[in-house]
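K.L.:
Quick one, protein20.tsv (TSV, C-alpha atoms):
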chain	number	residue	atom	x	y	z
B	12	MET	CA	-46.58	7.26	28.44
B	13	LYS	CA	-49.47	7.75	26.02
B	14	ARG	CA	-53.07	8.29	27.13
B	15	ILE	CA	-56.16	7.83	24.98
B	16	GLU	CA	-59.66	8.98	25.93
B	17	ALA	CA	-62.42	7.07	24.14
B	18	ILE	CA	-65.62	5.04	24.39
B	19	LEU	CA	-64.88	1.39	25.12
B	20	TYR	CA	-66.40	-0.77	22.39
B	21	SER	CA	-67.50	-3.52	24.76
B	22	ASP	CA	-69.79	-1.56	27.10
B	23	ASN	CA	-69.96	2.06	25.80
B	24	SER	CA	-68.22	3.37	28.91
B	25	ARG	CA	-65.74	6.23	28.71
B	26	VAL	CA	-62.23	5.09	29.48
B	27	THR	CA	-58.64	6.21	29.58
B	28	VAL	CA	-56.23	3.73	28.04
B	29	GLU	CA	-52.59	4.17	29.05
B	30	ILE	CA	-49.74	2.78	26.95
B	31	GLU	CA	-46.11	2.28	27.92
B	32	ASN	CA	-43.44	0.81	25.67
B	33	GLY	CA	-46.02	-0.56	23.23
B	34	ILE	CA	-48.00	-2.36	25.96
B	35	ILE	CA	-51.34	-1.44	27.52
B	36	SER	CA	-50.52	-0.49	31.12
B	37	ARG	CA	-53.89	0.66	32.48
B	38	VAL	CA	-57.55	0.90	31.45
B	39	THR	CA	-59.52	3.13	33.83
B	40	PRO	CA	-62.87	4.95	33.83
B	41	SER	CA	-62.52	8.43	32.37
B	42	LYS	CA	-63.59	11.42	34.41
B	43	LYS	CA	-63.34	13.82	31.51
B	44	GLU	CA	-66.46	15.14	29.80
B	45	LEU	CA	-65.48	15.27	26.16
B	46	SER	CA	-67.70	15.67	23.13
B	47	ASP	CA	-67.42	13.75	19.88
B	48	VAL	CA	-65.35	10.94	21.41
B	49	PRO	CA	-64.56	7.93	19.15
B	50	TYR	CA	-64.88	4.27	20.05
B	51	ILE	CA	-61.78	2.32	21.00
B	52	ALA	CA	-61.25	-1.41	20.43
B	53	GLN	CA	-58.42	-3.84	19.88
B	54	ALA	CA	-57.12	-3.81	16.31
B	55	LEU	CA	-58.64	-6.28	13.87
B	56	PHE	CA	-57.02	-9.61	12.99
B	57	ASP	CA	-57.57	-10.98	9.47
B	58	ASN	CA	-56.71	-14.68	9.21
B	59	GLN	CA	-57.05	-15.01	5.44
B	60	VAL	CA	-55.38	-12.49	3.16
B	61	ASN	CA	-54.18	-13.57	-0.29
B	62	GLY	CA	-52.88	-10.15	-1.32
B	63	TYR	CA	-53.72	-6.45	-1.45
B	64	VAL	CA	-53.34	-3.33	-3.65
B	65	GLY	CA	-52.02	-5.25	-6.65
B	66	ILE	CA	-49.65	-7.41	-4.60
B	67	GLU	CA	-50.18	-11.18	-4.65
B	68	PHE	CA	-48.39	-13.21	-1.97
B	69	SER	CA	-47.85	-16.01	-4.48
B	70	LYS	CA	-46.02	-13.90	-7.04
B	71	PRO	CA	-42.47	-15.17	-7.71
B	72	ASP	CA	-40.75	-11.84	-7.04
B	73	LEU	CA	-42.58	-10.84	-3.83
B	74	SER	CA	-40.35	-8.44	-1.91
B	75	THR	CA	-40.11	-7.09	1.62
B	76	GLU	CA	-41.16	-3.71	0.24
B	77	ASP	CA	-44.32	-5.33	-1.13
B	78	MET	CA	-45.09	-6.78	2.29
B	79	LEU	CA	-44.46	-3.45	4.00
B	80	LYS	CA	-46.94	-1.82	1.65
B	81	VAL	CA	-49.57	-4.45	2.49
B	82	VAL	CA	-48.91	-4.08	6.25
B	83	ARG	CA	-49.35	-0.31	6.07
B	84	GLU	CA	-52.46	-0.48	3.89
B	85	HIS	CA	-54.00	-2.92	6.37
B	86	LYS	CA	-53.37	-0.51	9.23
B	87	ARG	CA	-55.34	2.14	7.38
B	88	ASN	CA	-58.32	-0.21	7.60
B	89	GLY	CA	-57.79	-1.13	11.25
B	90	VAL	CA	-56.01	-4.47	10.73
B	91	VAL	CA	-52.69	-4.88	12.56
B	92	SER	CA	-52.38	-8.70	12.59
B	93	PHE	CA	-53.02	-10.78	9.47
B	94	ILE	CA	-52.09	-14.18	8.04
B	95	PRO	CA	-50.81	-14.22	4.46
B	96	THR	CA	-52.50	-17.04	2.58
B	97	VAL	CA	-51.02	-19.02	-0.32
B	98	ILE	CA	-53.35	-21.20	-2.37
B	99	THR	CA	-52.96	-24.36	-4.44
B	100	ALA	CA	-49.96	-24.31	-6.79
B	101	SER	CA	-47.09	-26.51	-7.93
B	102	HIS	CA	-44.52	-27.60	-5.34
B	103	ASP	CA	-41.84	-25.31	-6.78
B	104	SER	CA	-44.21	-22.35	-6.81
B	105	LEU	CA	-45.22	-22.94	-3.19
B	106	LEU	CA	-41.57	-23.25	-2.15
B	107	ARG	CA	-40.81	-19.91	-3.77
B	108	SER	CA	-43.86	-18.22	-2.21
B	109	PHE	CA	-43.04	-19.36	1.33
B	110	SER	CA	-39.36	-18.50	0.91
B	111	ASN	CA	-40.29	-14.96	-0.09
B	112	LEU	CA	-42.80	-14.59	2.73
B	113	ALA	CA	-40.35	-15.91	5.31
B	114	ALA	CA	-37.63	-13.54	4.12
B	115	SER	CA	-39.98	-10.58	4.59
B	116	LEU	CA	-40.26	-11.42	8.31
B	117	GLU	CA	-36.70	-10.20	8.75
B	118	ASN	CA	-38.24	-6.73	8.69
B	119	PRO	CA	-39.53	-5.93	12.22
B	120	GLU	CA	-42.61	-4.09	10.99
B	121	VAL	CA	-43.69	-7.04	8.84
B	122	ALA	CA	-42.89	-9.56	11.58
B	123	TYR	CA	-44.97	-7.58	14.08
B	124	SER	CA	-48.09	-7.90	11.91
B	125	VAL	CA	-47.57	-11.40	10.50
B	126	PRO	CA	-47.59	-14.21	13.09
B	127	GLY	CA	-47.43	-16.93	10.43
B	128	PHE	CA	-48.78	-18.21	7.13
B	129	HIS	CA	-51.84	-20.12	5.89
B	130	LEU	CA	-51.59	-22.79	3.19
B	131	GLU	CA	-55.01	-23.14	1.55
B	132	GLY	CA	-54.67	-26.32	-0.49
B	133	PRO	CA	-53.26	-28.05	-2.44
B	134	TYR	CA	-54.76	-31.00	-0.57
B	135	ILE	CA	-58.37	-30.19	-1.42
B	136	SER	CA	-61.23	-31.78	-3.35
B	137	PRO	CA	-60.70	-32.41	-7.08
B	138	VAL	CA	-64.47	-32.41	-7.62
B	139	LYS	CA	-65.74	-29.61	-9.84
B	140	GLY	CA	-67.27	-26.79	-7.84
B	141	PHE	CA	-65.49	-27.64	-4.62
B	142	TYR	CA	-62.00	-26.61	-5.67
B	143	GLY	CA	-63.43	-23.24	-6.73
B	144	ALA	CA	-60.83	-20.91	-8.24
B	145	HIS	CA	-57.92	-23.20	-7.31
B	146	ARG	CA	-55.93	-24.79	-10.15
B	147	LEU	CA	-57.26	-28.34	-10.65
B	148	GLU	CA	-53.99	-29.50	-12.20
B	149	ASP	CA	-52.18	-28.72	-8.93
B	150	VAL	CA	-54.73	-30.33	-6.57
B	151	ARG	CA	-53.22	-33.44	-4.96
B	152	LYS	CA	-53.32	-35.83	-2.01
B	153	PRO	CA	-51.72	-34.89	1.32
B	154	ASP	CA	-47.98	-35.47	1.38
B	155	TRP	CA	-46.28	-34.96	4.76
B	156	ASP	CA	-42.77	-34.96	3.28
B	157	GLU	CA	-43.76	-32.27	0.80
B	158	PHE	CA	-45.41	-30.22	3.52
B	159	GLN	CA	-42.31	-30.41	5.70
B	160	ARG	CA	-40.23	-29.04	2.82
B	161	LEU	CA	-42.72	-26.22	2.39
B	162	ASN	CA	-42.67	-25.40	6.09
B	163	GLU	CA	-38.89	-25.49	6.06
B	164	ALA	CA	-38.96	-22.89	3.27
B	165	ALA	CA	-41.38	-20.90	5.44
B	166	ARG	CA	-38.92	-21.19	8.36
B	167	GLY	CA	-41.51	-23.07	10.37
B	168	LYS	CA	-44.09	-20.29	10.09
B	169	ILE	CA	-47.00	-22.17	8.45
B	170	ILE	CA	-49.52	-22.02	11.28
B	171	GLN	CA	-52.67	-23.10	9.38
B	172	ILE	CA	-53.51	-25.44	6.54
B	173	THR	CA	-56.87	-25.86	4.81
B	174	LEU	CA	-57.60	-29.30	3.37
B	175	ALA	CA	-60.36	-31.72	2.37
B	176	PRO	CA	-61.07	-34.39	5.00
B	177	GLU	CA	-62.38	-36.99	2.55
B	178	ILE	CA	-59.26	-37.45	0.44
B	179	GLU	CA	-56.89	-40.35	0.97
B	180	GLY	CA	-54.41	-39.76	3.78
B	181	ALA	CA	-56.17	-36.72	5.22
B	182	VAL	CA	-56.75	-38.04	8.75
B	183	ASP	CA	-53.14	-39.13	9.28
B	184	PHE	CA	-51.95	-35.83	7.85
B	185	ILE	CA	-54.22	-33.90	10.25
B	186	LYS	CA	-52.79	-35.79	13.23
B	187	LYS	CA	-49.24	-34.91	12.19
B	188	CYS	CA	-50.19	-31.24	11.80
B	189	VAL	CA	-51.79	-31.18	15.23
B	190	ASN	CA	-48.69	-32.79	16.76
B	191	ASN	CA	-46.69	-29.93	15.22
B	192	ASN	CA	-49.02	-27.17	16.53
B	193	ILE	CA	-50.45	-26.36	13.11
B	194	VAL	CA	-54.12	-25.39	13.01
B	195	VAL	CA	-56.07	-27.59	10.59
B	196	ALA	CA	-59.07	-26.11	8.80
B	197	LEU	CA	-61.57	-27.92	6.60
B	198	GLY	CA	-62.32	-26.23	3.30
B	199	HIS	CA	-62.87	-26.70	-0.44
B	200	HIS	CA	-64.17	-30.17	0.25
B	201	ASN	CA	-67.13	-32.49	-0.27
B	202	GLY	CA	-66.68	-34.53	2.88
B	203	SER	CA	-69.46	-36.61	4.36
B	204	ALA	CA	-70.60	-36.34	7.96
B	205	GLU	CA	-68.36	-39.31	8.75
B	206	ASP	CA	-65.36	-37.72	7.01
B	207	ILE	CA	-65.83	-34.50	8.95
B	208	GLU	CA	-66.24	-36.29	12.27
B	209	ARG	CA	-63.06	-38.30	11.70
B	210	ALA	CA	-61.18	-35.11	10.84
B	211	VAL	CA	-62.40	-33.31	13.95
B	212	ASP	CA	-61.62	-36.35	16.10
B	213	ALA	CA	-58.09	-36.17	14.65
B	214	GLY	CA	-57.78	-32.53	15.70
B	215	ALA	CA	-59.20	-30.27	12.96
B	216	LYS	CA	-60.29	-27.04	14.66
B	217	THR	CA	-62.00	-24.77	12.18
B	218	VAL	CA	-63.66	-24.32	8.77
B	219	THR	CA	-62.29	-22.01	6.11
B	220	HIS	CA	-64.91	-19.59	4.70
B	221	LEU	CA	-67.94	-21.70	5.67
B	222	GLY	CA	-70.59	-21.75	2.94
B	223	ASN	CA	-68.04	-21.02	0.21
B	224	GLY	CA	-65.63	-23.30	-1.61
B	225	MET	CA	-68.67	-25.43	-2.44
B	226	ALA	CA	-70.47	-26.36	-5.63
B	227	ASN	CA	-73.39	-24.13	-6.58
B	228	SER	CA	-75.74	-27.14	-6.48
B	229	ILE	CA	-75.50	-29.62	-3.59
B	230	ASN	CA	-77.54	-32.49	-2.19
B	231	ARG	CA	-79.91	-31.16	0.46
B	232	PHE	CA	-78.99	-33.98	2.87
B	233	GLU	CA	-75.49	-35.16	1.90
B	234	ASN	CA	-73.35	-32.02	1.87
B	235	PRO	CA	-70.55	-30.54	4.00
B	236	LEU	CA	-72.63	-27.78	5.58
B	237	TRP	CA	-74.71	-29.58	8.17
B	238	MET	CA	-72.01	-31.52	10.01
B	239	GLN	CA	-69.70	-28.50	10.11
B	240	LEU	CA	-72.51	-26.42	11.58
B	241	ALA	CA	-73.56	-29.16	14.00
B	242	ASP	CA	-70.14	-30.00	15.47
B	243	ASP	CA	-69.53	-27.62	18.37
B	244	ARG	CA	-65.82	-28.44	18.32
B	245	LEU	CA	-65.38	-26.57	15.03
B	246	MET	CA	-64.93	-22.84	14.74
B	247	ALA	CA	-65.78	-21.30	11.37
B	248	SER	CA	-64.61	-18.29	9.42
B	249	LEU	CA	-67.11	-16.28	7.39
B	250	ILE	CA	-66.60	-13.85	4.51
B	251	LEU	CA	-69.04	-11.02	5.14
B	252	ASP	CA	-68.41	-8.77	2.16
B	253	GLY	CA	-72.13	-8.92	1.37
B	254	PHE	CA	-71.64	-11.18	-1.67
B	255	HIS	CA	-70.17	-14.49	-0.51
B	256	LEU	CA	-73.00	-15.18	1.95
B	257	ARG	CA	-76.62	-14.05	2.06
B	258	PRO	CA	-77.78	-12.28	5.25
B	259	GLU	CA	-80.12	-15.14	6.18
B	260	MET	CA	-77.25	-17.62	5.87
B	261	VAL	CA	-75.09	-15.54	8.17
B	262	LYS	CA	-77.87	-15.37	10.73
B	263	VAL	CA	-78.27	-19.16	10.72
B	264	PHE	CA	-74.51	-19.77	10.81
B	265	LEU	CA	-74.13	-17.47	13.82
B	266	ARG	CA	-77.00	-19.17	15.64
B	267	ALA	CA	-75.37	-22.55	15.07
B	268	LYS	CA	-71.80	-21.58	15.91
B	269	GLY	CA	-72.37	-18.82	18.43
B	270	VAL	CA	-70.20	-15.75	18.82
B	271	GLU	CA	-67.34	-17.68	20.48
B	272	ARG	CA	-66.88	-20.07	17.54
B	273	THR	CA	-67.26	-17.56	14.70
B	274	ILE	CA	-64.40	-15.73	12.97
B	275	LEU	CA	-64.79	-12.90	10.49
B	276	THR	CA	-62.29	-12.91	7.65
B	277	SER	CA	-61.86	-10.97	4.41
B	278	ASP	CA	-60.32	-13.49	1.94
B	279	MET	CA	-58.88	-10.44	0.17
B	280	THR	CA	-56.80	-10.92	-2.97
B	281	MET	CA	-54.43	-8.66	-4.88
B	282	LEU	CA	-57.47	-6.93	-6.43
B	283	ALA	CA	-58.48	-5.42	-3.09
B	284	GLY	CA	-57.88	-1.70	-3.24
B	285	MET	CA	-57.71	-1.73	-7.05
B	286	PRO	CA	-60.07	0.08	-9.46
B	287	PRO	CA	-62.88	-1.90	-11.10
B	288	GLY	CA	-61.97	-3.63	-14.34
B	289	ASN	CA	-60.71	-6.78	-15.99
B	290	TYR	CA	-57.58	-8.42	-14.60
B	291	VAL	CA	-55.51	-11.58	-14.82
B	292	TRP	CA	-55.34	-13.37	-11.46
B	293	ASP	CA	-53.45	-16.64	-11.00
B	294	GLY	CA	-53.33	-16.98	-14.79
B	295	ASN	CA	-57.08	-16.54	-15.22
B	296	ASP	CA	-59.26	-13.73	-16.52
B	297	VAL	CA	-61.33	-12.20	-13.73
B	298	GLU	CA	-63.49	-9.12	-13.32
B	299	LEU	CA	-63.59	-6.73	-10.38
B	300	THR	CA	-67.02	-5.09	-10.42
B	301	GLU	CA	-67.98	-1.63	-9.19
B	302	GLU	CA	-69.57	-3.23	-6.11
B	303	GLY	CA	-66.37	-5.08	-5.21
B	304	ILE	CA	-67.22	-8.58	-6.48
B	305	ILE	CA	-64.37	-10.57	-8.07
B	306	MET	CA	-65.96	-12.81	-10.69
B	307	PHE	CA	-64.24	-15.84	-12.23
B	308	PRO	CA	-66.39	-16.59	-15.31
B	309	LYS	CA	-64.48	-19.74	-16.32
B	310	ALA	CA	-65.44	-21.55	-13.11
B	311	ASN	CA	-68.68	-19.62	-12.46
B	312	CYS	CA	-67.54	-18.65	-8.97
B	313	PHE	CA	-65.95	-15.89	-6.95
B	314	ALA	CA	-62.16	-15.52	-7.02
B	315	GLY	CA	-61.64	-14.31	-3.48
B	316	ALA	CA	-62.85	-10.98	-2.17
B	317	SER	CA	-61.89	-7.33	-2.40
B	318	LEU	CA	-63.36	-5.59	0.65
B	319	PRO	CA	-61.53	-5.02	3.96
B	320	LEU	CA	-62.40	-6.74	7.22
B	321	LYS	CA	-64.07	-3.65	8.67
B	322	VAL	CA	-66.86	-4.17	6.12
B	323	GLY	CA	-67.47	-7.61	7.60
B	324	VAL	CA	-67.70	-6.14	11.11
B	325	SER	CA	-70.40	-3.72	9.98
B	326	ASN	CA	-72.25	-6.37	7.96
B	327	MET	CA	-72.30	-8.86	10.84
B	328	MET	CA	-74.15	-6.32	12.97
B	329	LYS	CA	-76.46	-5.42	10.10
B	330	PHE	CA	-77.26	-9.01	9.08
B	331	THR	CA	-77.70	-10.56	12.54
B	332	GLY	CA	-78.42	-7.76	15.00
B	333	CYS	CA	-75.43	-8.78	17.12
B	334	SER	CA	-73.72	-6.15	19.24
B	335	LEU	CA	-70.68	-4.06	18.34
B	336	SER	CA	-68.74	-5.89	21.04
B	337	GLU	CA	-69.61	-9.31	19.60
B	338	SER	CA	-68.79	-8.32	16.04
B	339	ILE	CA	-65.43	-6.80	16.95
B	340	ASP	CA	-64.49	-9.88	18.99
B	341	MET	CA	-65.26	-12.16	16.04
B	342	ALA	CA	-62.74	-10.15	14.01
B	343	SER	CA	-60.01	-9.90	16.65
B	344	LYS	CA	-60.28	-11.87	19.89
B	345	ASN	CA	-61.50	-15.09	18.25
B	346	PRO	CA	-58.80	-15.47	15.57
B	347	ALA	CA	-56.09	-14.55	18.09
B	348	GLY	CA	-57.43	-17.26	20.39
B	349	LEU	CA	-57.52	-19.87	17.62
B	350	TYR	CA	-53.76	-19.54	17.14
B	351	GLY	CA	-52.97	-19.16	20.83
B	352	LEU	CA	-51.73	-15.59	20.35
B	353	ASN	CA	-52.50	-14.43	23.86
B	354	ASP	CA	-50.59	-11.17	23.56
B	355	ARG	CA	-53.29	-9.55	21.40
B	356	GLY	CA	-57.01	-9.54	20.61
B	357	VAL	CA	-58.26	-7.81	23.79
B	358	ILE	CA	-57.91	-4.49	25.61
B	359	LYS	CA	-56.28	-5.42	28.90
B	360	PRO	CA	-53.15	-4.40	30.80
B	361	GLY	CA	-50.16	-6.42	29.67
B	362	LYS	CA	-51.43	-6.93	26.10
B	363	ARG	CA	-50.00	-5.40	22.93
B	364	ALA	CA	-51.19	-1.87	22.35
B	365	ASP	CA	-52.73	-2.67	18.96
B	366	LEU	CA	-55.79	-0.42	19.01
B	367	ILE	CA	-58.25	1.25	16.69
B	368	LEU	CA	-60.19	4.47	17.13
B	369	PHE	CA	-63.32	4.50	15.01
B	370	LYS	CA	-66.85	5.80	14.51
B	371	PHE	CA	-69.99	4.45	12.87
B	372	ASP	CA	-71.51	6.57	10.12
B	373	ASP	CA	-74.65	5.32	8.38
B	374	GLY	CA	-73.97	1.82	9.68
B	375	LYS	CA	-70.39	1.73	8.36
B	376	MET	CA	-67.29	1.36	10.48
B	377	ASN	CA	-64.90	4.22	9.75
B	378	ILE	CA	-61.37	3.95	11.13
B	379	ILE	CA	-60.03	7.22	12.49
B	380	SER	CA	-56.61	5.93	13.48
B	381	THR	CA	-54.75	2.69	14.15
B	382	ILE	CA	-52.23	2.44	16.95
B	383	THR	CA	-49.67	-0.36	17.17
B	384	GLY	CA	-47.31	-1.45	19.91
B	385	ILE	CA	-44.34	-1.21	17.55
B	386	GLU	CA	-44.66	2.53	17.12
How would this structure read if it were set down as structure tokens?

P.N.:
Amino acid sequence: MKRIEAILYSDNSRVTVEIENGIISRVTPSKKELSDVPYIAQALFDNQVNGYVGIEFSKPDLSTEDMLKVVREHKRNGVVSFIPTVITASHDSLLRSFSNLAASLENPEVAYSVPGFHLEGPYISPVKGFYGAHRLEDVRKPDWDEFQRLNEAARGKIIQITLAPEIEGAVDFIKKCVNNNIVVALGHHNGSAEDIERAVDAGAKTVTHLGNGMANSINRFENPLWMQLADDRLMASLILDGFHLRPEMVKVFLRAKGVERTILTSDMTMLAGMPPGNYVWDGNDVELTEEGIIMFPKANCFAGASLPLKVGVSNMMKFTGCSLSESIDMASKNPAGLYGLNDRGVIKPGKRADLILFKFDDGKMNIISTITGIE
């Protein structure tokens, strides 16, 4: 048995957490008077990761060793569960990507951290500004037969797809996804209020990186933001690296969605963890700045993000004044709940012992150690 003495993130009480065989067995008030005790919380869950430390999940020769490196780097930043994301590409390229990802799940350490995959595109808007850094030549209409072949290559592990609700065939496609227990997210789209309502009626559950994947100039009335904010059936993920959304936007988004319907995500790409400089990403020239911005000059937009999820936890508190408990839950409990992964995301007896010990220094979340139930 393992015992951990720490300050519980949710109420600042001192607790003893007991672990047996990788499972939390007891959480009890601590009677010990210890100084300099860290916080304890459930490990973070990042539901949109495109790559890390020079490794892109879409690369044709992705290996299990690559995935192990990403898993271990994530743990250093407090993330135990994450969903590898593959973006718009040709059918053959997507087949190869999902085949590689699925093969990596044969490794127990990778499988423990990766509950499934996220397909972002290719069924998104072809309108300039809304497809963002995705390849326009590979954007296409929903095709259920194609998707089934992709999911077969993924060994049935595609658990989320992001699409545009306004394109032909989207509503029927959403219904088929829902019937197959695949979470449908709206993103990279220019759907009207009616398009969004039809998609949600069909079973769409969430919005991918709300406020991003949009043109820089939009109509103040007819745009995707308002209906997605107004519909209480939709959860929404937010990229809180400090660049993708302004603080005032985050505050408004949180007021509209509430803590329970907000998910913090990183949208990290292969450039995360890399030194600043000029790179080629998905065949395009991009720049990683000193601050951590990934600029895509050709499309005048961001090309994903480079900062870990713990930055988003700190920024959510800074931007909105929400509590530590609320911010942590938006980066752990909420994404786990979206996918029905009831074995993680909270500190309770019977749950996986995926835990982080951390402190706050100058408003920044610093991970001291990450504990996982597989150890």

K.L.:
Taking (-66.2, 4.6, 24.6) in the file's coordinates, which residues come within 12 Å, counting only C-alpha atoms, written as a ChimeraX atom specification?

P.N.:
/B:15-28,38-41,43-52,335-336,367-370

K.L.:
At a cut-off of 7 Å around the point (-70.1, -8.5, -3.9) (file coordinates), what residues fall inside when counting only C-alpha atoms? I'd like the answer as a list of chain:residue names.

P.N.:
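Within 7 Å of (-70.1, -8.5, -3.9), the protein and nucleic acid residues are B:Asp252, B:Gly253, B:Phe254, B:His255, B:Glu302, B:Gly303, B:Ile304.
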
K.L.:
When you look at stretch 210-212 of chain B with a cut-off of 9 Å (counting only C-alpha atoms), what residues show up, excluding the ones that are within fewer than 6 positions of it in the same chain? I need them as a list of chain:residue names.

P.N.:
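Counting only C-alpha atoms, the residues come to B:Pro176, B:Glu177, B:Ala181, B:Val182, B:Ile185, B:Lys186, B:Leu197, B:Asp242, B:Arg244, B:Leu245.
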
K.L.:
Please list as a ChimeraX atom specification every residue within 8 Å of B:Arg151, counting all atoms listed in the file and excluding residues in the same chain fewer than 2 positions away.

P.N.:
/B:133-135,137,149,153

K.L.:
By how many Å are atom CA of B:Asn111 and atom CA of B:His129 apart?

P.N.:
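For atom CA of B:Asn111 relative to atom CA of B:His129, the distance reads 14.0 Å.
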
K.L.:
What is the atom CA of B:Asp296 to atom CA of B:Gly140 distance in Å?

P.N.:
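Between these atoms lies a distance of 17.6 Å.
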
K.L.:
When you draw a straight line from atom CA of B:Thr383 to atom CA of B:Arg363, how long is it in Å?

P.N.:
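Calculated distance between atom CA of B:Thr383 and atom CA of B:Arg363 is 7.7 Å.
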
K.L.:
Counting only C-alpha atoms, what is within 6 Å of B:Ser110, bar same-chain residues fewer than 2 positions away, as a PDB file with C-alpha atoms, keeping the file's coordinate frame?

P.N.:
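For reference, around_32.pdb as written:
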ATOM      1  CA  ARG B 107     -40.810 -19.910  -3.770  1.00  0.00           C
ATOM      2  CA  SER B 108     -43.860 -18.220  -2.210  1.00  0.00           C
ATOM      3  CA  LEU B 112     -42.800 -14.590   2.730  1.00  0.00           C
ATOM      4  CA  ALA B 113     -40.350 -15.910   5.310  1.00  0.00           C
ATOM      5  CA  ALA B 164     -38.960 -22.890   3.270  1.00  0.00           C
ATOM      6  CA  ALA B 165     -41.380 -20.900   5.440  1.00  0.00           C
TER       7      ALA B 165
END

K.L.:
Excluding B:Leu320 and residues on its chain fewer than 4 positions from it, collect all residues at most 7 Å away from it, counting all atoms listed in the file, and give them as a list in words.

P.N.:
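Counting all atoms listed in the file, the residues come to Asp57, Thr276, Ser277 and Val324 of chain B.
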
K.L.:
Report the centre and edge lengths, in Å to one decimal, of an axis-aligned box enclosing every atom of stretch 248-261 of chain B listed in the file, padded by 5 Å on each side, as lines of an AutoDock Vina configuration file.

P.N.:
center_x = -72.4
center_y = -13.5
center_z = 3.9
size_x = 25.5
size_y = 19.5
size_z = 21.1

K.L.:
Choose the residue, out of B:Leu130, B:Met281, B:Leu236, B:Leu55, that has the smallest atom-to-atom separation from B:Ser338; count all atoms listed in the file.

P.N.:
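Closest to B:Ser338 of all the choices is B:Leu55.
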
K.L.:
Given all atoms listed in the file as the basis, pick out the residue of B:Glu117, B:Asp372, B:Glu205, B:Asp243 nearest to B:Val270.

P.N.:
B:Asp243

K.L.:
Pick out the residues sitting within 12 Å of B:Lys216, and hand them over as JSON, numbers by chain; count only C-alpha atoms, and ignore anything fewer than 5 positions along from it in its own chain.

P.N.:
{"B": [171, 172, 173, 174, 185, 186, 188, 189, 192, 193, 194, 195, 196, 197, 198, 207, 208, 209, 210, 211, 239, 242, 243, 244, 245, 246, 247, 248, 272, 273, 346, 348, 349, 350]}

K.L.:
Out of B:Leu73, B:Ile35, B:Glu271, B:Lys13, which residue has the shortest atom-to-atom distance to B:Lys362 when counting only C-alpha atoms?

P.N.:
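Looking only at the distances to B:Lys362, the closest residue turns out to be B:Ile35.
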
K.L.:
Between B:Ser124, B:Asn295, B:Asn377, B:Ser115, which is the closest to B:Asn58 once you count only C-alpha atoms?

P.N.:
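Among B:Ser124, B:Asn295, B:Asn377, B:Ser115, it is B:Ser124 that comes nearest to B:Asn58.
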